[in-house]
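K.L.:
My questions all concern the structure below.
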Amino acid sequence: MITEFSDAFLTEAERHAAWGAAQLEVLTGFLPEGPWSADLAACAYRQGELDLRVAVLGTYDMAERTWMWGWANPGLRGTEVVAAGVAVERYGQAHGIAELTAGTLDLSGFADPRRAAEMLAFTGMGITGAPGYIGVPAGGDTQVYFLPDDAQVPRAAPDPVTLSRILLTGAGLIGFSARHVVGGYFDHHGLPQRAEPGRITADLPGGSAAEAHFDALGRLAKVQVTALP
């Protein structure tokens, strides 16, 4: 049983916080309401009238309060539908992040085990670059998390008008490292950035520049967007 995530995991999770929060908003708006079904052998997911190709990232047992990565599931191990999860495991091995390499994690020691499971799903989404994740009840006490792997799903683009809100929201989700939140957001969008003491500056599409300023405690203090000459 673990009672908190490691610094290595939290640092990784922060890299995806702002980008991931914005992308999940887009996915939520895209998915129709309606019942869902899945054909795991075909990597197929259907919700309402929408059909998507997906991967299984993991499952959360709400009774046992345990998370199992899809690649560790005995019934799915080695199949195409968990290939994205294998990529997460390999990333964890390469970067020494234990939470990504343990097949099953006992989250019962967390104050909010369900939120811990969502953080694992969120981080897996970020590592794979998937355009969101879909968490749905799969019968009994099990919640299954799918990663869309389909070009139909729209992707959030950096917007100078909403950038300040997105970065400040992302910095408040975990609260471990605001610099990783900002740097990770720009990395996800492939935007050139320059890190200096107290700030990170990036060039935005359309000829604007963004400056993220940090206070003496490393917290995100403000975001300024200016038009370049």
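Naming scheme: A, B, ... for chains in displayed order of the structure tokens; residues 1 onward per chain; ligands 1 onward as shown.
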Extract, using only C-alpha atoms, all DNA, RNA and protein residues at most 9 Å from Gly124 in chain A, discarding same-chain residues fewer than 6 positions from it, and format them as a list of chain:residue names.

P.N.:
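After dropping sequence-adjacent residues, the list is A:Ala13, A:Leu57, A:Ala84, A:Gly85, A:Val88, A:Leu100, A:Ala130, A:Tyr133, A:Leu147.
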
K.L.:
Would you mind listing what lies within 12 Å of range 25-31 of chain A as a PyMOL selection string, with only C-alpha atoms counted and same-chain residues fewer than 2 positions away left out?

P.N.:
chain A and resi 18-23+33-36+45-52+130-135+147-148+150+152-157+166

K.L.:
Those residues with N, CA, C and O atoms, as a short mmCIF file (atom, residue, chain, number, x, y, z; two decimals), in the first residue's frame please?

P.N.:
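See selection-v1.cif below for the written result:
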data_model
loop_
_atom_site.label_atom_id
_atom_site.label_comp_id
_atom_site.auth_asym_id
_atom_site.auth_seq_id
_atom_site.Cartn_x
_atom_site.Cartn_y
_atom_site.Cartn_z
N ALA A 18 -1.73 21.13 -17.38
CA ALA A 18 -2.46 22.17 -18.10
C ALA A 18 -2.93 21.67 -19.46
O ALA A 18 -4.08 21.87 -19.85
N TRP A 19 -2.04 21.02 -20.19
CA TRP A 19 -2.42 20.47 -21.50
C TRP A 19 -3.54 19.46 -21.34
O TRP A 19 -4.52 19.47 -22.10
N GLY A 20 -3.42 18.57 -20.36
CA GLY A 20 -4.40 17.52 -20.18
C GLY A 20 -5.76 18.04 -19.78
O GLY A 20 -6.79 17.56 -20.28
N ALA A 21 -5.80 19.04 -18.90
CA ALA A 21 -7.08 19.60 -18.47
C ALA A 21 -7.81 20.22 -19.66
O ALA A 21 -9.02 20.06 -19.82
N ALA A 22 -7.06 20.94 -20.51
CA ALA A 22 -7.68 21.56 -21.69
C ALA A 22 -8.16 20.49 -22.67
O ALA A 22 -9.24 20.61 -23.26
N GLN A 23 -7.35 19.44 -22.84
CA GLN A 23 -7.74 18.39 -23.79
C GLN A 23 -8.95 17.59 -23.30
O GLN A 23 -9.80 17.20 -24.09
N GLU A 33 -23.76 11.82 -25.50
CA GLU A 33 -24.35 11.08 -24.40
C GLU A 33 -24.93 9.77 -24.94
O GLU A 33 -25.25 9.66 -26.11
N GLY A 34 -25.01 8.78 -24.07
CA GLY A 34 -25.56 7.51 -24.50
C GLY A 34 -24.81 6.36 -23.88
O GLY A 34 -23.72 6.53 -23.32
N PRO A 35 -25.35 5.15 -23.97
CA PRO A 35 -24.68 3.97 -23.42
C PRO A 35 -23.42 3.65 -24.19
O PRO A 35 -23.26 4.05 -25.35
N TRP A 36 -22.52 2.92 -23.53
CA TRP A 36 -21.28 2.56 -24.19
C TRP A 36 -21.15 1.06 -24.28
O TRP A 36 -21.75 0.31 -23.51
N TYR A 45 -14.65 1.02 -29.50
CA TYR A 45 -15.48 1.58 -28.44
C TYR A 45 -16.62 2.33 -29.10
O TYR A 45 -16.44 3.05 -30.08
N ARG A 46 -17.81 2.17 -28.56
CA ARG A 46 -18.97 2.87 -29.09
C ARG A 46 -19.71 3.57 -27.95
O ARG A 46 -19.96 2.96 -26.91
N GLN A 47 -20.01 4.84 -28.15
CA GLN A 47 -20.80 5.60 -27.18
C GLN A 47 -21.85 6.38 -27.96
O GLN A 47 -21.51 7.19 -28.84
N GLY A 48 -23.11 6.15 -27.65
CA GLY A 48 -24.15 6.74 -28.45
C GLY A 48 -24.03 6.23 -29.88
O GLY A 48 -24.01 5.03 -30.12
N GLU A 49 -23.90 7.15 -30.83
CA GLU A 49 -23.73 6.78 -32.24
C GLU A 49 -22.29 6.94 -32.71
O GLU A 49 -22.01 6.84 -33.91
N LEU A 50 -21.38 7.18 -31.77
CA LEU A 50 -19.98 7.43 -32.12
C LEU A 50 -19.14 6.17 -31.93
O LEU A 50 -19.18 5.54 -30.88
N ASP A 51 -18.36 5.81 -32.95
CA ASP A 51 -17.43 4.69 -32.88
C ASP A 51 -16.01 5.21 -32.86
O ASP A 51 -15.63 6.06 -33.68
N LEU A 52 -15.20 4.71 -31.92
CA LEU A 52 -13.82 5.14 -31.78
C LEU A 52 -12.91 3.93 -31.65
O LEU A 52 -13.29 2.89 -31.10
N ALA A 130 -2.28 10.80 -25.84
CA ALA A 130 -3.65 10.51 -26.26
C ALA A 130 -4.53 11.74 -26.05
O ALA A 130 -4.31 12.52 -25.12
N PRO A 131 -5.56 11.92 -26.90
CA PRO A 131 -6.41 13.11 -26.78
C PRO A 131 -7.48 12.97 -25.71
O PRO A 131 -8.66 13.22 -25.93
N GLY A 132 -7.08 12.54 -24.52
CA GLY A 132 -8.00 12.37 -23.41
C GLY A 132 -8.05 10.95 -22.91
O GLY A 132 -7.32 10.07 -23.40
N TYR A 133 -8.89 10.73 -21.90
CA TYR A 133 -9.19 9.37 -21.46
C TYR A 133 -10.67 9.30 -21.13
O TYR A 133 -11.31 10.31 -20.82
N ILE A 134 -11.21 8.10 -21.22
CA ILE A 134 -12.63 7.87 -20.96
C ILE A 134 -12.75 6.87 -19.83
O ILE A 134 -12.32 5.72 -19.96
N GLY A 135 -13.29 7.29 -18.70
CA GLY A 135 -13.49 6.39 -17.56
C GLY A 135 -14.96 6.03 -17.44
O GLY A 135 -15.80 6.93 -17.31
N LEU A 147 -8.13 4.93 -23.59
CA LEU A 147 -7.47 6.03 -24.28
C LEU A 147 -7.96 6.07 -25.72
O LEU A 147 -7.81 5.08 -26.44
N PRO A 148 -8.56 7.16 -26.17
CA PRO A 148 -8.92 7.26 -27.58
C PRO A 148 -7.66 7.21 -28.45
O PRO A 148 -6.65 7.84 -28.13
N ASP A 150 -7.79 7.74 -32.07
CA ASP A 150 -8.63 7.95 -33.25
C ASP A 150 -8.54 9.42 -33.67
O ASP A 150 -8.71 10.31 -32.84
N GLN A 152 -10.54 11.13 -35.20
CA GLN A 152 -11.80 11.87 -35.09
C GLN A 152 -11.82 12.83 -33.90
O GLN A 152 -12.51 13.84 -33.93
N VAL A 153 -11.10 12.48 -32.86
CA VAL A 153 -11.15 13.27 -31.63
C VAL A 153 -10.39 14.58 -31.86
O VAL A 153 -9.21 14.57 -32.18
N PRO A 154 -11.05 15.72 -31.68
CA PRO A 154 -10.36 17.01 -31.87
C PRO A 154 -9.33 17.25 -30.77
O PRO A 154 -9.44 16.72 -29.67
N ARG A 155 -8.35 18.05 -31.10
CA ARG A 155 -7.30 18.37 -30.14
C ARG A 155 -7.32 19.86 -29.81
O ARG A 155 -7.53 20.70 -30.69
N ALA A 156 -7.11 20.15 -28.55
CA ALA A 156 -7.08 21.54 -28.09
C ALA A 156 -5.85 22.24 -28.65
O ALA A 156 -4.75 21.69 -28.61
N ALA A 157 -6.03 23.43 -29.17
CA ALA A 157 -4.92 24.22 -29.70
C ALA A 157 -4.62 25.37 -28.75
O ALA A 157 -5.52 25.85 -28.05
N ILE A 166 -5.89 28.59 -18.65
CA ILE A 166 -5.48 27.19 -18.78
C ILE A 166 -4.25 26.90 -17.93
O ILE A 166 -4.19 25.89 -17.21
#

K.L.:
Enumerate, in order of chain and increasing residue number, the residues of range 114-182 of chain A with an atom no farther than 12 Å from range 192-212 of chain A, each with its shortest atom pair and distance in Å to one decimal, counting only C-alpha atoms, as CSV.

P.N.:
residue,atom,partner,partner_atom,distance
A:Ala157,CA,A:Pro205,CA,9.4
A:Pro158,CA,A:Leu204,CA,7.4
A:Asp159,CA,A:Leu204,CA,8.2
A:Pro160,CA,A:Ser208,CA,7.5
A:Val161,CA,A:Ser208,CA,10.7
A:Thr162,CA,A:Ala210,CA,11.5
A:Leu163,CA,A:Ala210,CA,8.4
A:Ser164,CA,A:Ala212,CA,8.5
A:Arg165,CA,A:Ala212,CA,11.7
A:Ile166,CA,A:Ala212,CA,11.7
A:Leu167,CA,A:Ala212,CA,8.6
A:Leu168,CA,A:Ala212,CA,9.6
A:Ala171,CA,A:Ala212,CA,11.2
A:Ala178,CA,A:Ala212,CA,9.7
A:Arg179,CA,A:Ile200,CA,7.9
A:His180,CA,A:Ile200,CA,10.3
A:Val181,CA,A:Ala212,CA,10.5
A:Val182,CA,A:Ala212,CA,7.4

K.L.:
Skipping near chain neighbours, those fewer than 2 positions away, what residues fall within 10 Å of Ala72 in chain A using only C-alpha atoms, listed as a ChimeraX atom specification?

P.N.:
/A:58,68-70,74-78,82,85-86,89,101-104

K.L.:
Please dump the current selection as a JSON list (two decimals), in the first residue's frame; keep all heavy atoms.

P.N.:
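Listed below is the output, again_34.json:
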[["chain", "number", "residue", "atom", "x", "y", "z"],
["A", 58, "GLY", "N", -6.14, 1.16, -18.11],
["A", 58, "GLY", "CA", -6.13, 0.50, -16.80],
["A", 58, "GLY", "C", -7.52, 0.38, -16.24],
["A", 58, "GLY", "O", -8.50, 0.82, -16.86],
["A", 68, "MET", "N", -5.04, -1.26, -11.62],
["A", 68, "MET", "CA", -4.27, -2.22, -12.42],
["A", 68, "MET", "C", -4.05, -1.65, -13.81],
["A", 68, "MET", "O", -5.01, -1.28, -14.50],
["A", 68, "MET", "CB", -4.99, -3.57, -12.53],
["A", 68, "MET", "CG", -4.22, -4.58, -13.41],
["A", 68, "MET", "SD", -5.13, -6.14, -13.66],
["A", 68, "MET", "CE", -5.00, -6.82, -11.99],
["A", 69, "TRP", "N", -2.79, -1.55, -14.21],
["A", 69, "TRP", "CA", -2.49, -1.13, -15.57],
["A", 69, "TRP", "C", -2.99, -2.19, -16.55],
["A", 69, "TRP", "O", -2.93, -3.38, -16.26],
["A", 69, "TRP", "CB", -1.00, -0.90, -15.76],
["A", 69, "TRP", "CG", -0.47, 0.27, -15.00],
["A", 69, "TRP", "CD1", 0.28, 0.25, -13.86],
["A", 69, "TRP", "CD2", -0.64, 1.66, -15.33],
["A", 69, "TRP", "NE1", 0.58, 1.52, -13.46],
["A", 69, "TRP", "CE2", 0.03, 2.41, -14.34],
["A", 69, "TRP", "CE3", -1.29, 2.33, -16.37],
["A", 69, "TRP", "CZ2", 0.06, 3.80, -14.37],
["A", 69, "TRP", "CZ3", -1.27, 3.72, -16.40],
["A", 69, "TRP", "CH2", -0.59, 4.45, -15.40],
["A", 70, "GLY", "N", -3.45, -1.74, -17.71],
["A", 70, "GLY", "CA", -3.98, -2.67, -18.70],
["A", 70, "GLY", "C", -2.99, -3.74, -19.11],
["A", 70, "GLY", "O", -3.35, -4.91, -19.29],
["A", 74, "PRO", "N", -4.16, -10.06, -16.65],
["A", 74, "PRO", "CA", -3.87, -11.39, -17.22],
["A", 74, "PRO", "C", -4.71, -11.69, -18.47],
["A", 74, "PRO", "O", -4.23, -12.39, -19.37],
["A", 74, "PRO", "CB", -4.21, -12.35, -16.08],
["A", 74, "PRO", "CG", -4.09, -11.54, -14.84],
["A", 74, "PRO", "CD", -4.52, -10.15, -15.22],
["A", 75, "GLY", "N", -5.93, -11.16, -18.51],
["A", 75, "GLY", "CA", -6.79, -11.44, -19.66],
["A", 75, "GLY", "C", -6.47, -10.61, -20.88],
["A", 75, "GLY", "O", -6.95, -10.92, -21.98],
["A", 76, "LEU", "N", -5.68, -9.55, -20.71],
["A", 76, "LEU", "CA", -5.37, -8.65, -21.83],
["A", 76, "LEU", "C", -3.89, -8.60, -22.18],
["A", 76, "LEU", "O", -3.53, -8.08, -23.24],
["A", 76, "LEU", "CB", -5.85, -7.23, -21.49],
["A", 76, "LEU", "CG", -7.34, -7.04, -21.21],
["A", 76, "LEU", "CD1", -7.62, -5.60, -20.83],
["A", 76, "LEU", "CD2", -8.17, -7.44, -22.43],
["A", 77, "ARG", "N", -3.06, -9.14, -21.30],
["A", 77, "ARG", "CA", -1.61, -9.05, -21.50],
["A", 77, "ARG", "C", -1.20, -9.56, -22.88],
["A", 77, "ARG", "O", -1.62, -10.65, -23.30],
["A", 77, "ARG", "CB", -0.88, -9.82, -20.41],
["A", 77, "ARG", "CG", 0.65, -9.65, -20.46],
["A", 77, "ARG", "CD", 1.32, -10.47, -19.37],
["A", 77, "ARG", "NE", 1.05, -9.93, -18.04],
["A", 77, "ARG", "CZ", 0.48, -10.60, -17.06],
["A", 77, "ARG", "NH1", 0.08, -11.85, -17.28],
["A", 77, "ARG", "NH2", 0.29, -10.04, -15.88],
["A", 78, "GLY", "N", -0.42, -8.74, -23.58],
["A", 78, "GLY", "CA", 0.08, -9.15, -24.89],
["A", 78, "GLY", "C", -0.84, -8.85, -26.05],
["A", 78, "GLY", "O", -0.47, -9.10, -27.20],
["A", 82, "VAL", "N", -3.86, -3.22, -25.31],
["A", 82, "VAL", "CA", -3.09, -2.65, -24.19],
["A", 82, "VAL", "C", -1.70, -2.17, -24.63],
["A", 82, "VAL", "O", -0.85, -1.90, -23.79],
["A", 82, "VAL", "CB", -2.96, -3.66, -23.02],
["A", 82, "VAL", "CG1", -4.32, -3.96, -22.42],
["A", 82, "VAL", "CG2", -2.27, -4.95, -23.46],
["A", 85, "GLY", "N", -0.57, 1.03, -23.06],
["A", 85, "GLY", "CA", -0.16, 0.86, -21.68],
["A", 85, "GLY", "C", 1.25, 0.33, -21.55],
["A", 85, "GLY", "O", 1.99, 0.69, -20.62],
["A", 86, "VAL", "N", 1.65, -0.52, -22.48],
["A", 86, "VAL", "CA", 3.02, -1.03, -22.49],
["A", 86, "VAL", "C", 3.99, 0.13, -22.69],
["A", 86, "VAL", "O", 5.07, 0.17, -22.08],
["A", 86, "VAL", "CB", 3.20, -2.09, -23.59],
["A", 86, "VAL", "CG1", 4.67, -2.49, -23.72],
["A", 86, "VAL", "CG2", 2.36, -3.32, -23.28],
["A", 89, "GLU", "N", 4.53, 1.73, -19.38],
["A", 89, "GLU", "CA", 5.44, 0.94, -18.55],
["A", 89, "GLU", "C", 6.89, 1.17, -18.97],
["A", 89, "GLU", "O", 7.77, 1.36, -18.12],
["A", 89, "GLU", "CB", 5.10, -0.55, -18.66],
["A", 89, "GLU", "CG", 6.00, -1.42, -17.81],
["A", 89, "GLU", "CD", 5.92, -2.90, -18.18],
["A", 89, "GLU", "OE1", 5.45, -3.22, -19.29],
["A", 89, "GLU", "OE2", 6.36, -3.73, -17.36],
["A", 101, "THR", "N", 5.47, 1.28, -13.37],
["A", 101, "THR", "CA", 6.02, -0.04, -13.66],
["A", 101, "THR", "C", 5.44, -1.15, -12.78],
["A", 101, "THR", "O", 5.62, -2.33, -13.08],
["A", 101, "THR", "CB", 7.55, -0.03, -13.52],
["A", 101, "THR", "OG1", 7.90, 0.34, -12.18],
["A", 101, "THR", "CG2", 8.19, 0.95, -14.49],
["A", 102, "ALA", "N", 4.77, -0.77, -11.68],
["A", 102, "ALA", "CA", 4.10, -1.76, -10.84],
["A", 102, "ALA", "C", 2.76, -2.11, -11.48],
["A", 102, "ALA", "O", 1.95, -1.22, -11.75],
["A", 102, "ALA", "CB", 3.89, -1.21, -9.44],
["A", 103, "GLY", "N", 2.52, -3.39, -11.75],
["A", 103, "GLY", "CA", 1.30, -3.79, -12.44],
["A", 103, "GLY", "C", 0.04, -3.38, -11.71],
["A", 103, "GLY", "O", -0.94, -2.94, -12.31],
["A", 104, "THR", "N", 0.06, -3.52, -10.38],
["A", 104, "THR", "CA", -1.10, -3.17, -9.56],
["A", 104, "THR", "C", -0.64, -2.28, -8.42],
["A", 104, "THR", "O", 0.41, -2.52, -7.81],
["A", 104, "THR", "CB", -1.77, -4.43, -8.98],
["A", 104, "THR", "OG1", -2.18, -5.28, -10.06],
["A", 104, "THR", "CG2", -3.00, -4.06, -8.16]]

K.L.:
If you measure from CA of Thr66 in chain A to CA of Leu105 in chain A, what distance in Å do you get, rounded to one decimal?

P.N.:
5.6 Å

K.L.:
Excluding Asp106 in chain A and its own-chain neighbours fewer than 5 positions away, which residues fall within 8 Å of it when counting only C-alpha atoms? Please give them as a ChimeraX atom specification.

P.N.:
/A:1-2,64-67

K.L.:
Give me every strand (DSSP E) residue in range 122-179 of chain A, going by DSSP on the backbone, as a count of residues only.

P.N.:
11

K.L.:
Could you tell me how far CA of Asp187 in chain A lies from CA of Glu12 in chain A, in Å and to one decimal?

P.N.:
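CA of Asp187 in chain A sits 12.7 Å away from CA of Glu12 in chain A.
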
K.L.:
Skip Phe110 in chain A itself and residues of its chain fewer than 2 positions away, then list as a PDB file with N, CA and C atoms, in the first residue's frame all residues within 8 Å of it, counting only C-alpha atoms.

P.N.:
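Result went into around_8.pdb, see below:
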ATOM      1  N   ILE A   2       0.540   2.209  -0.861  1.00  0.00           N
ATOM      2  CA  ILE A   2       1.244   3.486  -0.860  1.00  0.00           C
ATOM      3  C   ILE A   2       0.288   4.553  -0.324  1.00  0.00           C
ATOM      4  N   THR A   3       0.859   5.563   0.295  1.00  0.00           N
ATOM      5  CA  THR A   3       0.040   6.627   0.888  1.00  0.00           C
ATOM      6  C   THR A   3       0.198   7.954   0.156  1.00  0.00           C
ATOM      7  N   GLU A   4       1.171   8.017  -0.727  1.00  0.00           N
ATOM      8  CA  GLU A   4       1.368   9.226  -1.527  1.00  0.00           C
ATOM      9  C   GLU A   4       2.200   8.869  -2.748  1.00  0.00           C
ATOM     10  N   LEU A 107      -4.154   1.696  -3.616  1.00  0.00           N
ATOM     11  CA  LEU A 107      -4.340   3.121  -3.357  1.00  0.00           C
ATOM     12  C   LEU A 107      -5.125   3.398  -2.085  1.00  0.00           C
ATOM     13  N   SER A 108      -5.380   2.359  -1.293  1.00  0.00           N
ATOM     14  CA  SER A 108      -6.242   2.527  -0.116  1.00  0.00           C
ATOM     15  C   SER A 108      -5.631   3.447   0.932  1.00  0.00           C
ATOM     16  N   ASP A 112      -7.965  10.157  -0.804  1.00  0.00           N
ATOM     17  CA  ASP A 112      -8.981  10.058  -1.846  1.00  0.00           C
ATOM     18  C   ASP A 112      -8.470   9.083  -2.909  1.00  0.00           C
ATOM     19  N   PRO A 113      -8.672   7.785  -2.716  1.00  0.00           N
ATOM     20  CA  PRO A 113      -8.141   6.795  -3.659  1.00  0.00           C
ATOM     21  C   PRO A 113      -8.663   6.979  -5.085  1.00  0.00           C
ATOM     22  N   ALA A 116      -6.666   9.512  -6.792  1.00  0.00           N
ATOM     23  CA  ALA A 116      -5.348   8.964  -7.109  1.00  0.00           C
ATOM     24  C   ALA A 116      -5.415   8.140  -8.391  1.00  0.00           C
TER      25      ALA A 116
END
